[in-house]
file protein_3.txt (compact mmCIF, C-alpha atoms and all ligand atoms)
# COMPACT_ATOMS: atom_id res chain seq x y z
CA MET Y 3 -8.70 -23.20 -67.58
CA ILE Y 4 -6.64 -20.09 -68.35
CA VAL Y 5 -5.44 -18.47 -65.11
CA GLU Y 6 -4.33 -14.88 -64.71
CA PRO Y 7 -3.13 -12.91 -61.71
CA LYS Y 8 -6.09 -11.54 -59.76
CA ILE Y 9 -4.72 -8.90 -57.39
CA ARG Y 10 -6.82 -7.02 -54.83
CA ASN Y 11 -5.45 -4.79 -52.07
CA GLY Y 12 -1.96 -6.22 -52.38
CA ILE Y 13 -3.20 -9.80 -52.23
CA CYS Y 14 -3.10 -12.12 -55.24
CA MET Y 15 -6.14 -14.38 -55.25
CA SER Y 16 -4.97 -16.76 -57.98
CA ALA Y 17 -1.99 -19.01 -58.66
CA HIS Y 18 -0.59 -20.84 -61.67
CA PRO Y 19 0.29 -24.51 -60.99
CA GLU Y 20 2.99 -24.77 -63.64
CA GLY Y 21 4.47 -21.40 -62.69
CA CYS Y 22 4.63 -22.43 -59.02
CA ALA Y 23 6.33 -25.69 -59.99
CA LEU Y 24 8.84 -23.72 -62.08
CA ALA Y 25 9.57 -21.36 -59.18
CA VAL Y 26 10.30 -24.39 -56.97
CA GLN Y 27 12.52 -25.88 -59.70
CA LYS Y 28 14.50 -22.64 -59.97
CA GLU Y 29 15.23 -22.68 -56.22
CA ILE Y 30 16.26 -26.33 -56.47
CA ASP Y 31 18.54 -25.49 -59.41
CA TYR Y 32 20.17 -22.71 -57.39
CA VAL Y 33 20.92 -25.08 -54.48
CA LYS Y 34 22.22 -27.75 -56.87
CA SER Y 35 24.59 -25.17 -58.38
CA GLN Y 36 26.19 -24.66 -54.93
CA PRO Y 37 28.59 -27.00 -53.10
CA LYS Y 38 26.85 -29.66 -50.98
CA TYR Y 39 27.04 -29.34 -47.19
CA ASN Y 40 26.75 -31.75 -44.30
CA GLY Y 41 23.72 -30.49 -42.41
CA ALA Y 42 20.51 -31.95 -41.01
CA LYS Y 43 19.18 -35.17 -42.55
CA LYS Y 44 15.74 -35.63 -40.96
CA VAL Y 45 13.81 -32.39 -40.95
CA LEU Y 46 10.41 -31.17 -39.86
CA VAL Y 47 9.43 -27.84 -41.45
CA VAL Y 48 6.43 -26.08 -39.95
CA GLY Y 49 5.30 -23.58 -42.60
CA GLY Y 50 7.34 -24.96 -45.48
CA SER Y 51 5.03 -24.24 -48.41
CA THR Y 52 6.13 -20.69 -49.30
CA GLY Y 53 8.69 -17.99 -48.48
CA TYR Y 54 11.49 -18.65 -46.02
CA GLY Y 55 10.12 -22.04 -44.90
CA LEU Y 56 10.02 -23.40 -48.45
CA SER Y 57 13.52 -22.16 -49.19
CA SER Y 58 14.80 -23.72 -45.94
CA ARG Y 59 13.28 -27.00 -47.03
CA ILE Y 60 14.76 -26.81 -50.51
CA SER Y 61 18.23 -25.94 -49.22
CA LEU Y 62 18.28 -28.75 -46.64
CA ALA Y 63 16.91 -31.32 -49.09
CA PHE Y 64 19.03 -30.57 -52.13
CA GLY Y 65 22.05 -29.12 -50.33
CA SER Y 66 22.35 -31.53 -47.42
CA GLY Y 67 20.38 -34.54 -48.69
CA ALA Y 68 17.72 -34.20 -45.98
CA GLY Y 69 14.39 -35.96 -45.86
CA THR Y 70 11.70 -33.39 -45.08
CA LEU Y 71 8.22 -33.48 -43.62
CA ASN Y 72 6.35 -30.22 -44.10
CA ILE Y 73 3.27 -28.95 -42.27
CA SER Y 74 1.40 -26.10 -43.94
CA PHE Y 75 -2.15 -24.90 -44.34
CA GLU Y 76 -3.09 -24.47 -47.97
CA LYS Y 77 -6.30 -24.49 -49.97
CA GLU Y 78 -6.80 -27.11 -52.66
CA GLY Y 79 -7.98 -26.02 -56.09
CA SER Y 80 -11.14 -27.02 -57.93
CA GLU Y 81 -11.74 -27.28 -61.66
CA LYS Y 82 -12.56 -23.56 -61.77
CA LYS Y 83 -10.59 -22.09 -58.88
CA PRO Y 84 -6.83 -22.29 -58.41
CA ALA Y 85 -5.36 -23.64 -55.20
CA THR Y 86 -3.16 -21.38 -53.06
CA PRO Y 87 0.44 -21.18 -54.34
CA GLY Y 88 1.73 -23.19 -51.37
CA TYR Y 89 -0.46 -26.11 -52.41
CA TYR Y 90 1.15 -26.25 -55.86
CA ASN Y 91 4.60 -25.61 -54.35
CA ASN Y 92 4.24 -28.56 -51.96
CA ARG Y 93 3.13 -30.88 -54.72
CA ALA Y 94 5.99 -29.81 -56.97
CA PHE Y 95 8.57 -30.03 -54.19
CA ASP Y 96 7.43 -33.44 -52.93
CA GLU Y 97 7.46 -34.88 -56.46
CA LYS Y 98 10.87 -33.44 -57.35
CA ALA Y 99 12.50 -34.42 -54.06
CA GLN Y 100 11.07 -37.94 -54.21
CA ALA Y 101 12.30 -38.26 -57.81
CA ALA Y 102 15.75 -37.36 -56.46
CA GLY Y 103 15.49 -40.22 -53.96
CA LEU Y 104 14.69 -38.06 -50.93
CA ILE Y 105 11.93 -38.55 -48.38
CA ALA Y 106 9.51 -35.67 -48.90
CA GLU Y 107 5.96 -35.36 -47.63
CA SER Y 108 3.57 -32.56 -46.81
CA ILE Y 109 0.70 -32.53 -44.35
CA ASN Y 110 -1.99 -29.98 -45.12
CA ALA Y 111 -3.34 -29.01 -41.70
CA ASP Y 112 -3.53 -26.28 -39.08
CA ALA Y 113 -0.11 -26.29 -37.42
CA PHE Y 114 -1.54 -24.60 -34.33
CA SER Y 115 -3.67 -27.61 -33.34
CA HIS Y 116 -2.63 -30.42 -31.00
CA GLU Y 117 -4.22 -32.90 -33.42
CA THR Y 118 -1.82 -31.83 -36.20
CA ARG Y 119 1.13 -32.27 -33.83
CA LYS Y 120 -0.06 -35.83 -33.12
CA ILE Y 121 -0.38 -36.63 -36.83
CA ALA Y 122 3.06 -35.15 -37.54
CA ILE Y 123 4.67 -37.13 -34.71
CA GLU Y 124 3.20 -40.40 -35.99
CA ARG Y 125 4.54 -39.63 -39.46
CA ILE Y 126 7.97 -38.66 -38.08
CA LYS Y 127 8.17 -42.04 -36.33
CA GLU Y 128 7.32 -43.83 -39.58
CA LEU Y 129 9.54 -41.78 -41.86
CA PHE Y 130 12.57 -40.92 -39.75
CA GLY Y 131 12.30 -42.30 -36.23
CA LYS Y 132 13.57 -38.96 -34.91
CA VAL Y 133 14.24 -35.49 -36.34
CA ASP Y 134 17.51 -33.54 -36.15
CA MET Y 135 16.15 -30.15 -37.32
CA ILE Y 136 12.85 -28.35 -36.87
CA VAL Y 137 12.36 -25.21 -38.95
CA TYR Y 138 9.49 -23.14 -37.58
CA SER Y 139 8.47 -20.63 -40.25
CA LEU Y 140 4.82 -19.81 -39.73
CA ALA Y 141 3.33 -16.45 -40.65
CA SER Y 142 -0.36 -16.15 -39.94
CA PRO Y 143 -2.83 -13.39 -39.11
CA VAL Y 144 -4.76 -15.60 -36.68
CA ARG Y 145 -4.25 -18.47 -34.25
CA PRO Y 146 -6.87 -20.48 -32.43
CA ASP Y 147 -5.74 -21.40 -28.92
CA PRO Y 148 -5.29 -25.18 -29.13
CA ASP Y 149 -6.86 -25.74 -25.69
CA THR Y 150 -9.73 -23.24 -25.51
CA GLY Y 151 -10.43 -22.67 -29.21
CA GLU Y 152 -10.35 -18.88 -28.64
CA LEU Y 153 -9.26 -17.14 -31.84
CA TYR Y 154 -6.40 -14.63 -31.48
CA LYS Y 155 -5.84 -12.03 -34.21
CA SER Y 156 -2.52 -10.33 -34.77
CA CYS Y 157 -2.20 -6.73 -35.90
CA LEU Y 158 0.56 -4.58 -37.39
CA LYS Y 159 0.37 -1.30 -35.56
CA PRO Y 160 2.71 1.18 -33.89
CA LEU Y 161 2.62 1.64 -30.13
CA GLY Y 162 1.88 4.95 -28.44
CA GLU Y 163 1.86 7.27 -31.46
CA VAL Y 164 0.39 7.51 -34.93
CA TYR Y 165 2.90 6.31 -37.54
CA THR Y 166 3.03 8.25 -40.79
CA ALA Y 167 5.22 7.30 -43.72
CA LYS Y 168 5.29 6.88 -47.47
CA SER Y 169 3.88 3.71 -48.91
CA VAL Y 170 3.46 2.33 -52.41
CA ASN Y 171 0.50 0.85 -54.20
CA PRO Y 172 2.44 -1.47 -56.55
CA GLU Y 173 -0.53 -2.16 -58.84
CA LYS Y 174 -1.27 1.53 -59.39
CA GLY Y 175 2.34 2.68 -59.18
CA THR Y 176 1.44 5.45 -56.75
CA VAL Y 177 3.30 6.64 -53.69
CA THR Y 178 1.16 8.17 -50.96
CA GLU Y 179 1.47 8.94 -47.30
CA VAL Y 180 -0.20 6.47 -44.96
CA SER Y 181 -0.97 6.93 -41.30
CA ILE Y 182 -1.55 4.06 -38.92
CA GLU Y 183 -3.26 4.63 -35.60
CA PRO Y 184 -1.43 3.22 -32.60
CA ALA Y 185 -2.54 -0.13 -31.23
CA ASP Y 186 -4.77 -0.31 -28.25
CA PRO Y 187 -2.67 -1.97 -25.50
CA SER Y 188 -5.16 -4.86 -25.59
CA GLU Y 189 -4.00 -5.68 -29.15
CA ILE Y 190 -0.44 -6.50 -28.09
CA GLU Y 191 -1.19 -9.77 -26.33
CA PRO Y 192 -3.14 -11.37 -29.21
CA THR Y 193 -0.35 -10.44 -31.64
CA VAL Y 194 2.20 -12.10 -29.35
CA LYS Y 195 -0.11 -15.12 -29.05
CA VAL Y 196 -0.16 -15.49 -32.86
CA MET Y 197 3.38 -14.53 -33.92
CA GLY Y 198 5.37 -15.03 -30.69
CA GLY Y 199 7.03 -18.23 -29.58
CA GLU Y 200 4.22 -20.00 -27.67
CA ASP Y 201 3.31 -22.35 -30.50
CA TRP Y 202 6.99 -23.05 -31.33
CA MET Y 203 7.48 -24.15 -27.71
CA LEU Y 204 4.34 -26.34 -27.86
CA TRP Y 205 5.78 -28.10 -30.92
CA ILE Y 206 9.11 -28.77 -29.20
CA LYS Y 207 7.38 -29.98 -26.02
CA ALA Y 208 5.18 -32.38 -28.00
CA LEU Y 209 8.16 -33.69 -29.98
CA LYS Y 210 10.24 -34.14 -26.84
CA GLU Y 211 7.45 -35.89 -24.94
CA ALA Y 212 7.00 -38.26 -27.90
CA ASP Y 213 10.76 -38.92 -27.86
CA VAL Y 214 11.26 -37.99 -31.52
CA LEU Y 215 14.04 -35.42 -31.01
CA GLU Y 216 17.52 -36.63 -31.94
CA ALA Y 217 20.28 -35.80 -29.45
CA GLY Y 218 22.00 -32.60 -30.60
CA PHE Y 219 19.02 -31.54 -32.71
CA LYS Y 220 18.59 -27.92 -33.80
CA THR Y 221 15.52 -25.77 -34.21
CA LEU Y 222 15.15 -22.42 -35.97
CA ALA Y 223 12.55 -19.67 -36.20
CA TYR Y 224 12.74 -16.44 -38.20
CA SER Y 225 12.62 -12.84 -37.11
CA TYR Y 226 13.09 -9.35 -38.51
CA ILE Y 227 14.46 -6.07 -37.17
CA GLY Y 228 14.71 -3.68 -40.11
CA PRO Y 229 15.70 -0.04 -40.59
CA GLU Y 230 14.87 3.11 -38.65
CA LEU Y 231 12.22 3.84 -41.30
CA THR Y 232 9.94 0.94 -40.34
CA MET Y 233 11.03 0.74 -36.69
CA ALA Y 234 7.86 2.32 -35.23
CA VAL Y 235 5.48 0.07 -37.14
CA TYR Y 236 7.60 -3.09 -37.14
CA ARG Y 237 10.21 -3.71 -34.47
CA LYS Y 238 8.79 -1.22 -31.95
CA GLY Y 239 5.20 -2.02 -32.90
CA THR Y 240 2.89 -4.90 -32.03
CA ILE Y 241 4.72 -7.38 -34.29
CA GLY Y 242 8.03 -6.39 -32.69
CA LYS Y 243 6.64 -7.46 -29.31
CA ALA Y 244 5.83 -10.83 -30.86
CA LYS Y 245 9.33 -11.11 -32.34
CA GLU Y 246 10.88 -10.26 -28.94
CA HIS Y 247 8.81 -13.09 -27.48
CA LEU Y 248 9.93 -15.45 -30.26
CA GLU Y 249 13.58 -14.57 -29.59
CA ALA Y 250 13.14 -15.10 -25.84
CA THR Y 251 11.48 -18.46 -26.58
CA ALA Y 252 14.62 -19.64 -28.39
CA LYS Y 253 16.51 -19.34 -25.09
CA GLU Y 254 13.70 -21.09 -23.19
CA ILE Y 255 13.70 -23.96 -25.67
CA THR Y 256 17.48 -24.36 -25.48
CA ASP Y 257 17.14 -24.59 -21.73
CA TYR Y 258 14.24 -27.06 -21.98
CA VAL Y 259 16.20 -29.43 -24.27
CA LYS Y 260 19.55 -29.18 -22.43
CA ASP Y 261 19.44 -32.89 -21.59
CA LEU Y 262 19.31 -33.64 -25.32
CA ASN Y 263 22.07 -31.17 -26.10
CA GLY Y 264 19.58 -29.44 -28.39
CA ASN Y 265 19.70 -25.83 -29.54
CA ALA Y 266 17.10 -23.28 -30.61
CA TRP Y 267 18.01 -20.14 -32.51
CA VAL Y 268 16.22 -17.29 -34.15
CA SER Y 269 17.64 -16.09 -37.42
CA VAL Y 270 17.02 -12.43 -38.26
CA ASN Y 271 16.43 -12.46 -42.00
CA LYS Y 272 16.42 -9.89 -44.76
CA ALA Y 273 13.22 -8.09 -45.84
CA LEU Y 274 11.98 -9.94 -48.91
CA VAL Y 275 8.87 -10.20 -51.01
CA THR Y 276 6.71 -12.97 -49.60
CA ARG Y 277 2.95 -13.36 -49.27
CA SER Y 278 3.24 -12.11 -45.67
CA SER Y 279 5.57 -9.13 -46.11
CA SER Y 280 3.58 -7.71 -49.04
CA VAL Y 281 0.72 -6.73 -46.74
CA ILE Y 282 2.86 -4.77 -44.25
CA PRO Y 283 2.47 -1.00 -44.81
CA VAL Y 284 5.64 0.82 -45.98
CA VAL Y 285 7.60 -2.45 -46.33
CA PRO Y 286 6.98 -2.94 -50.11
CA LEU Y 287 8.35 0.57 -50.82
CA TYR Y 288 11.32 0.02 -48.54
CA ILE Y 289 12.00 -3.34 -50.22
CA SER Y 290 11.85 -1.70 -53.67
CA LEU Y 291 14.51 0.83 -52.65
CA LEU Y 292 16.57 -1.73 -50.73
CA PHE Y 293 16.69 -4.09 -53.73
CA LYS Y 294 17.97 -1.31 -55.98
CA ILE Y 295 20.74 -0.38 -53.55
CA MET Y 296 21.73 -3.97 -52.75
CA LYS Y 297 21.81 -4.86 -56.45
CA GLU Y 298 24.04 -1.87 -57.17
CA LYS Y 299 26.41 -3.13 -54.48
CA GLY Y 300 26.22 -6.74 -55.79
CA ILE Y 301 24.81 -8.11 -52.50
CA HIS Y 302 21.15 -8.71 -53.34
CA GLU Y 303 19.70 -12.06 -52.23
CA GLY Y 304 16.30 -13.76 -52.42
CA CYS Y 305 14.84 -16.33 -49.97
CA ILE Y 306 16.81 -19.24 -51.37
CA GLU Y 307 20.17 -17.43 -51.35
CA GLN Y 308 19.49 -16.30 -47.77
CA MET Y 309 18.62 -19.79 -46.54
CA GLN Y 310 21.56 -21.39 -48.35
CA ARG Y 311 23.96 -18.85 -46.81
CA MET Y 312 22.42 -19.42 -43.39
CA PHE Y 313 22.91 -23.19 -43.43
CA VAL Y 314 26.31 -23.21 -45.12
CA GLU Y 315 28.04 -20.25 -43.49
CA LYS Y 316 26.25 -19.62 -40.21
CA ILE Y 317 25.09 -23.05 -39.00
CA TYR Y 318 26.74 -26.07 -40.67
CA ASN Y 319 30.10 -24.37 -41.13
CA GLY Y 320 32.16 -27.03 -39.40
CA ALA Y 321 32.69 -24.80 -36.36
CA ASP Y 322 30.46 -22.88 -33.92
CA VAL Y 323 27.21 -21.34 -35.13
CA ILE Y 324 27.82 -17.64 -35.82
CA LEU Y 325 25.65 -15.52 -33.52
CA ASP Y 326 25.32 -11.86 -32.55
CA ASN Y 327 25.68 -10.56 -28.98
CA GLU Y 328 22.11 -11.53 -28.25
CA GLY Y 329 22.49 -15.09 -29.48
CA ARG Y 330 20.74 -14.57 -32.82
CA ILE Y 331 21.84 -15.59 -36.30
CA ARG Y 332 22.06 -12.47 -38.49
CA LEU Y 333 21.20 -12.89 -42.14
CA ASP Y 334 20.16 -9.27 -42.31
CA ASP Y 335 23.87 -8.44 -41.94
CA TRP Y 336 24.11 -7.18 -45.53
CA GLU Y 337 20.74 -5.36 -45.44
CA MET Y 338 21.77 -3.59 -42.24
CA ARG Y 339 25.29 -2.69 -43.42
CA GLU Y 340 25.97 0.96 -42.69
CA ASP Y 341 26.63 1.87 -46.33
CA VAL Y 342 23.36 0.22 -47.40
CA GLN Y 343 21.25 1.90 -44.73
CA ASP Y 344 22.94 5.28 -45.32
CA GLU Y 345 21.87 5.06 -48.96
CA VAL Y 346 18.32 4.05 -47.99
CA ALA Y 347 18.07 7.08 -45.68
CA LYS Y 348 19.60 9.38 -48.30
CA GLN Y 349 17.37 8.26 -51.18
CA TRP Y 350 14.07 7.73 -49.32
CA ASP Y 351 12.91 11.36 -49.56
CA SER Y 352 13.42 11.43 -53.33
CA ILE Y 353 10.77 8.77 -53.94
CA THR Y 354 7.48 10.04 -55.32
CA THR Y 355 4.94 8.61 -57.73
CA GLU Y 356 6.90 10.33 -60.53
CA THR Y 357 10.31 8.96 -59.53
CA LEU Y 358 9.15 5.50 -58.35
CA ALA Y 359 10.27 3.73 -61.53
CA SER Y 360 13.67 5.42 -61.79
CA ASN Y 361 14.62 5.72 -58.10
CA THR Y 362 13.55 2.27 -56.86
CA ASP Y 363 13.48 -1.31 -58.12
CA ILE Y 364 9.69 -1.50 -58.06
CA GLU Y 365 9.84 -3.69 -61.18
CA THR Y 366 11.64 -6.47 -59.30
CA TYR Y 367 9.22 -6.08 -56.42
CA LYS Y 368 6.26 -6.52 -58.77
CA SER Y 369 7.84 -9.36 -60.67
CA ASP Y 370 8.87 -11.20 -57.46
CA PHE Y 371 5.33 -10.78 -56.17
CA LEU Y 372 3.85 -12.27 -59.34
CA LYS Y 373 6.36 -15.12 -59.31
CA LEU Y 374 5.28 -16.08 -55.78
CA HIS Y 375 2.00 -16.99 -57.42
CA GLY Y 376 3.52 -18.66 -60.46
CA PHE Y 377 3.07 -15.71 -62.86
CA GLY Y 378 5.49 -13.74 -64.98
CA PHE Y 379 7.80 -16.55 -66.13
CA SER Y 380 8.86 -16.20 -69.77
CA GLU Y 381 9.14 -20.01 -70.00
CA ILE Y 382 5.37 -20.45 -69.48
CA ASP Y 383 2.65 -19.89 -72.04
CA TYR Y 384 -0.07 -18.31 -69.92
CA SER Y 385 -2.57 -18.31 -72.79
CA LYS Y 386 -2.81 -22.11 -72.53
CA ASP Y 387 -5.38 -24.02 -70.50
CA VAL Y 388 -4.01 -25.50 -67.32
CA ASP Y 389 -5.39 -28.12 -64.92
CA LEU Y 390 -6.06 -26.41 -61.59
CA LEU Y 391 -6.55 -29.59 -59.55
P1 LIG F 1 4.97 -16.89 -45.93
O1 LIG F 1 3.61 -16.27 -45.88
O2 LIG F 1 5.63 -17.02 -47.25
O3 LIG F 1 4.91 -18.37 -45.29
C1 LIG F 1 4.12 -18.67 -44.19
C2 LIG F 1 3.97 -20.18 -44.04
O4 LIG F 1 3.14 -20.41 -42.89
C3 LIG F 1 3.27 -20.88 -45.22
O5 LIG F 1 3.88 -22.13 -45.43
C4 LIG F 1 1.85 -21.12 -44.70
O6 LIG F 1 1.18 -22.25 -45.26
C5 LIG F 1 2.16 -21.38 -43.25
N1 LIG F 1 0.99 -21.24 -42.36
C6 LIG F 1 0.32 -20.10 -42.02
N2 LIG F 1 -0.67 -20.43 -41.14
C7 LIG F 1 -0.60 -21.75 -40.93
C8 LIG F 1 -1.32 -22.68 -40.12
N3 LIG F 1 -2.33 -22.29 -39.34
N4 LIG F 1 -0.97 -23.99 -40.16
C9 LIG F 1 0.05 -24.43 -40.96
N5 LIG F 1 0.78 -23.59 -41.73
C10 LIG F 1 0.45 -22.28 -41.71
O7 LIG F 1 5.83 -16.07 -44.89
P2 LIG F 1 7.39 -15.70 -44.74
O8 LIG F 1 7.56 -14.28 -45.10
O9 LIG F 1 8.26 -16.73 -45.34
O10 LIG F 1 7.52 -15.75 -43.13
C11 LIG F 1 8.04 -16.85 -42.42
C12 LIG F 1 8.75 -16.31 -41.19
O11 LIG F 1 9.86 -15.49 -41.63
C13 LIG F 1 7.88 -15.41 -40.31
O12 LIG F 1 8.20 -15.62 -38.96
C14 LIG F 1 8.32 -14.01 -40.73
O13 LIG F 1 8.08 -13.03 -39.75
C15 LIG F 1 9.81 -14.25 -40.95
N6 LIG F 1 10.51 -13.21 -41.74
C16 LIG F 1 10.02 -12.78 -42.93
C17 LIG F 1 10.70 -11.77 -43.61
C18 LIG F 1 10.17 -11.24 -44.93
O14 LIG F 1 10.61 -10.16 -45.34
N7 LIG F 1 9.33 -11.96 -45.61
C19 LIG F 1 11.89 -11.23 -43.09
C20 LIG F 1 12.38 -11.73 -41.91
C21 LIG F 1 11.67 -12.72 -41.22
call {"tool": "encode", "arguments": {"input": "protein_3.txt", "output": "structure tokens"}}
result
Amino acid sequence: MIVEPKIRNGICMSAHPEGCALAVQKEIDYVKSQPKYNGAKKVLVVGGSTGYGLSSRISLAFGSGAGTLNISFEKEGSEKKPATPGYYNNRAFDEKAQAAGLIAESINADAFSHETRKIAIERIKELFGKVDMIVYSLASPVRPDPDTGELYKSCLKPLGEVYTAKSVNPEKGTVTEVSIEPADPSEIEPTVKVMGGEDWMLWIKALKEADVLEAGFKTLAYSYIGPELTMAVYRKGTIGKAKEHLEATAKEITDYVKDLNGNAWVSVNKALVTRSSSVIPVVPLYISLLFKIMKEKGIHEGCIEQMQRMFVEKIYNGADVILDNEGRIRLDDWEMREDVQDEVAKQWDSITTETLASNTDIETYKSDFLKLHGFGFSEIDYSKDVDLL
């Protein structure tokens, strides 16, 4: 079948299998072009099919020679309907890593369930015995409580006051003002339940109880802070409460695994185009401006460059892990540089529908978004039939 991008309300409903495989190959090629490093060797990635989780997996596998087991929740394709991009990414990654002589497997299941933890632990025992790194990179709008089955839904809302800011519709190329009503206080807890650290802790507890954590193991989860512009809707909004919880959980985990000399950290990453960030109001427009400014300064990075820098420079650097005053790894250090944020603040007001193309890098935003779904690669002939299974 011929597949084309099908975009509705900022969500792309289709994916191209060959394009997804090429995107994975390009990230592998980037890591192979960099010096090797001596990092983790037996890795569990929870949420490793797209975005930051996938790039973490690629960096550890091809940069440090790690075997990787990935847990993600993706939809398979049929003859007429494409799978989700993560499904094609996993297949491509597992094939390419295995061809390179690395252990690489993916389990397609709900990472929030106890049953999935059991399956993963059995597979860890068979593949590795124990793991020395757990990357926890889930982004989900919902989470069923693994004990009661109650479904929690997260929301992205400010607290206390209406938030009004400019936002872009990338498909239409229009910039309009959006207002988001503040969350009801009852919406905070479910957001923390979904995107906070509770599930991360449950994973570490299950792995420890099953005795599959290597002494000195490390575990990572990802967070975001961001600029003043998005503060009210992101860091000081409902999702920010969840990220605070995630960051506090890192400390709890480190305490819980003291006897194993284990360590849990949160890395605060840069705002990038992923399937999750594209649905956050205001963020796509901010990213479009940020990319332009960071490119002009020669410091632009994508997911793979960020994850490679994190492992090589911040974690496996041959000395202590580099942390901020609050014990977090900061990969948003370049995004948050004063000169970068000064430019963002200075140029933000000049963005209108008319100036969108000239004053921001909306083209890279759009092209990155398409590439997440395997579209927009010049190497691929999209007019050809492709097998969606
Ligand atoms: P993403 O949407 O690209 O990836 C999410 C992953 O979670 C996918 O592998 C998906 O399959 C998996 N997943 C979701 N629900 C699942 C379930 N029930 N069971 C198993 N797997 C499931 O997202 P991303 O942007 O890479 O986000 C990963 C983390 O990085 C999040 O914590 C996010 O807040 C953080 N982060 C993102 C950005 C950004 O700009 N994208 C910036 C900083 C931090």
call {"tool": "atom_distance", "arguments": {"input": "protein_3.txt", "atom1": "CA of Glu307 in chain Y", "atom2": "CA of Val285 in chain Y"}}
result
20.2 Å
call {"tool": "closest_residue", "arguments": {"input": "protein_3.txt", "among": "Y:Ala273, Y:Val346, Y:Ile30, Y:Val180", "to": "ligand LIG 1 (chain F)", "atoms": "all atoms listed in the file"}}
result
Y:Ala273
call {"tool": "residues_near_ligand", "arguments": {"input": "protein_3.txt", "ligand": "ligand LIG 1 (chain F)", "cutoff": "6 Å", "atoms": "all atoms listed in the file", "output": "ChimeraX atom specification"}}
result
/Y:49-55,73-76,111-114,139-142,224-226,270-279
call {"tool": "axis_aligned_box", "arguments": {"input": "protein_3.txt", "around": "range 44-57 of chain Y", "padding_each_side": "6 Å", "output": "lines of an AutoDock Vina configuration file"}}
result
center_x = 10.4
center_y = -26.8
center_z = -44.6
size_x = 22.7
size_y = 29.6
size_z = 21.4
call {"tool": "closest_residue", "arguments": {"input": "protein_3.txt", "among": "Y:Leu209, Y:Leu161, Y:Ala321, Y:Val5", "to": "Lys120 in chain Y", "atoms": "all atoms listed in the file"}}
result
Y:Leu209
call {"tool": "residues_around", "arguments": {"input": "protein_3.txt", "residues": "Leu222 in chain Y", "least_positions_apart": "6", "cutoff": "8 Å", "atoms": "only C-alpha atoms", "output": "JSON, numbers by chain"}}
result
{"Y": [135, 136, 137, 138, 266, 267, 268, 269]}
call {"tool": "closest_residue", "arguments": {"input": "protein_3.txt", "among": "Y:Met338, Y:Leu248, Y:Pro172, Y:Asp134", "to": "Gly228 in chain Y", "atoms": "all atoms listed in the file"}}
result
Y:Met338
call {"tool": "residues_around", "arguments": {"input": "protein_3.txt", "residues": "range 355-365 of chain Y", "least_positions_apart": "5", "cutoff": "7 Å", "atoms": "only C-alpha atoms", "output": "PyMOL selection string"}}
result
chain Y and resi 175-177+290-291+293-294
call {"tool": "residues_around", "arguments": {"input": "protein_3.txt", "residues": "Pro143 in chain Y", "least_positions_apart": "5", "cutoff": "10 Å", "atoms": "all atoms listed in the file", "output": "list in words"}}
result
Tyr154, Lys155, Ser156, Cys157, Leu158, Thr193, Val196, Met197 and Ser278 of chain Y
call {"tool": "closest_residue", "arguments": {"input": "protein_3.txt", "among": "Y:Gly41, Y:Gly69, Y:Pro19, Y:Pro146", "to": "Phe219 in chain Y", "atoms": "all atoms listed in the file"}}
result
Y:Gly41
call {"tool": "atom_distance", "arguments": {"input": "protein_3.txt", "atom1": "CA of Tyr39 in chain Y", "atom2": "CA of Leu62 in chain Y"}}
result
8.8 Å
call {"tool": "closest_residue", "arguments": {"input": "protein_3.txt", "among": "Y:Pro84, Y:Gly199, Y:Gly264, Y:Pro283", "to": "Lys243 in chain Y", "atoms": "only C-alpha atoms"}}
result
Y:Gly199
call {"tool": "atom_distance", "arguments": {"input": "protein_3.txt", "atom1": "CA of Asn263 in chain Y", "atom2": "CA of Gly198 in chain Y"}}
result
23.7 Å
call {"tool": "closest_residue", "arguments": {"input": "protein_3.txt", "among": "Y:Gln343, Y:Ser115, Y:Ser169, Y:Thr178", "to": "Leu153 in chain Y", "atoms": "all atoms listed in the file"}}
result
Y:Ser115
call {"tool": "closest_atom_pairs", "arguments": {"input": "protein_3.txt", "of": "range 41-126 of chain Y", "to": "range 368-382 of chain Y", "cutoff": "10 Å", "atoms": "all atoms listed in the file", "output": "JSON lines"}}
result
{"residue": "Y:Thr52", "atom": "CA", "partner": "Y:Leu374", "partner_atom": "CA", "distance": 8.0}
{"residue": "Y:Gly53", "atom": "CA", "partner": "Y:Leu374", "partner_atom": "CA", "distance": 8.3}
{"residue": "Y:Thr86", "atom": "CA", "partner": "Y:His375", "partner_atom": "CA", "distance": 8.1}
{"residue": "Y:Pro87", "atom": "CA", "partner": "Y:His375", "partner_atom": "CA", "distance": 5.4}
{"residue": "Y:Gly88", "atom": "CA", "partner": "Y:His375", "partner_atom": "CA", "distance": 8.7}
{"residue": "Y:Tyr90", "atom": "CA", "partner": "Y:Gly376", "partner_atom": "CA", "distance": 9.2}
{"residue": "Y:Asn91", "atom": "CA", "partner": "Y:Gly376", "partner_atom": "CA", "distance": 9.3}
call {"tool": "write_last_selection", "arguments": {"input": "protein_3.txt", "atoms": "C-alpha atoms", "output": "PDB file, keeping the file's coordinate frame"}}
result
ATOM      1  CA  THR Y  52       6.130 -20.690 -49.300  1.00  0.00           C
ATOM      2  CA  GLY Y  53       8.690 -17.990 -48.480  1.00  0.00           C
ATOM      3  CA  THR Y  86      -3.160 -21.380 -53.060  1.00  0.00           C
ATOM      4  CA  PRO Y  87       0.440 -21.180 -54.340  1.00  0.00           C
ATOM      5  CA  GLY Y  88       1.730 -23.190 -51.370  1.00  0.00           C
ATOM      6  CA  TYR Y  90       1.150 -26.250 -55.860  1.00  0.00           C
ATOM      7  CA  ASN Y  91       4.600 -25.610 -54.350  1.00  0.00           C
TER       8      ASN Y  91
END
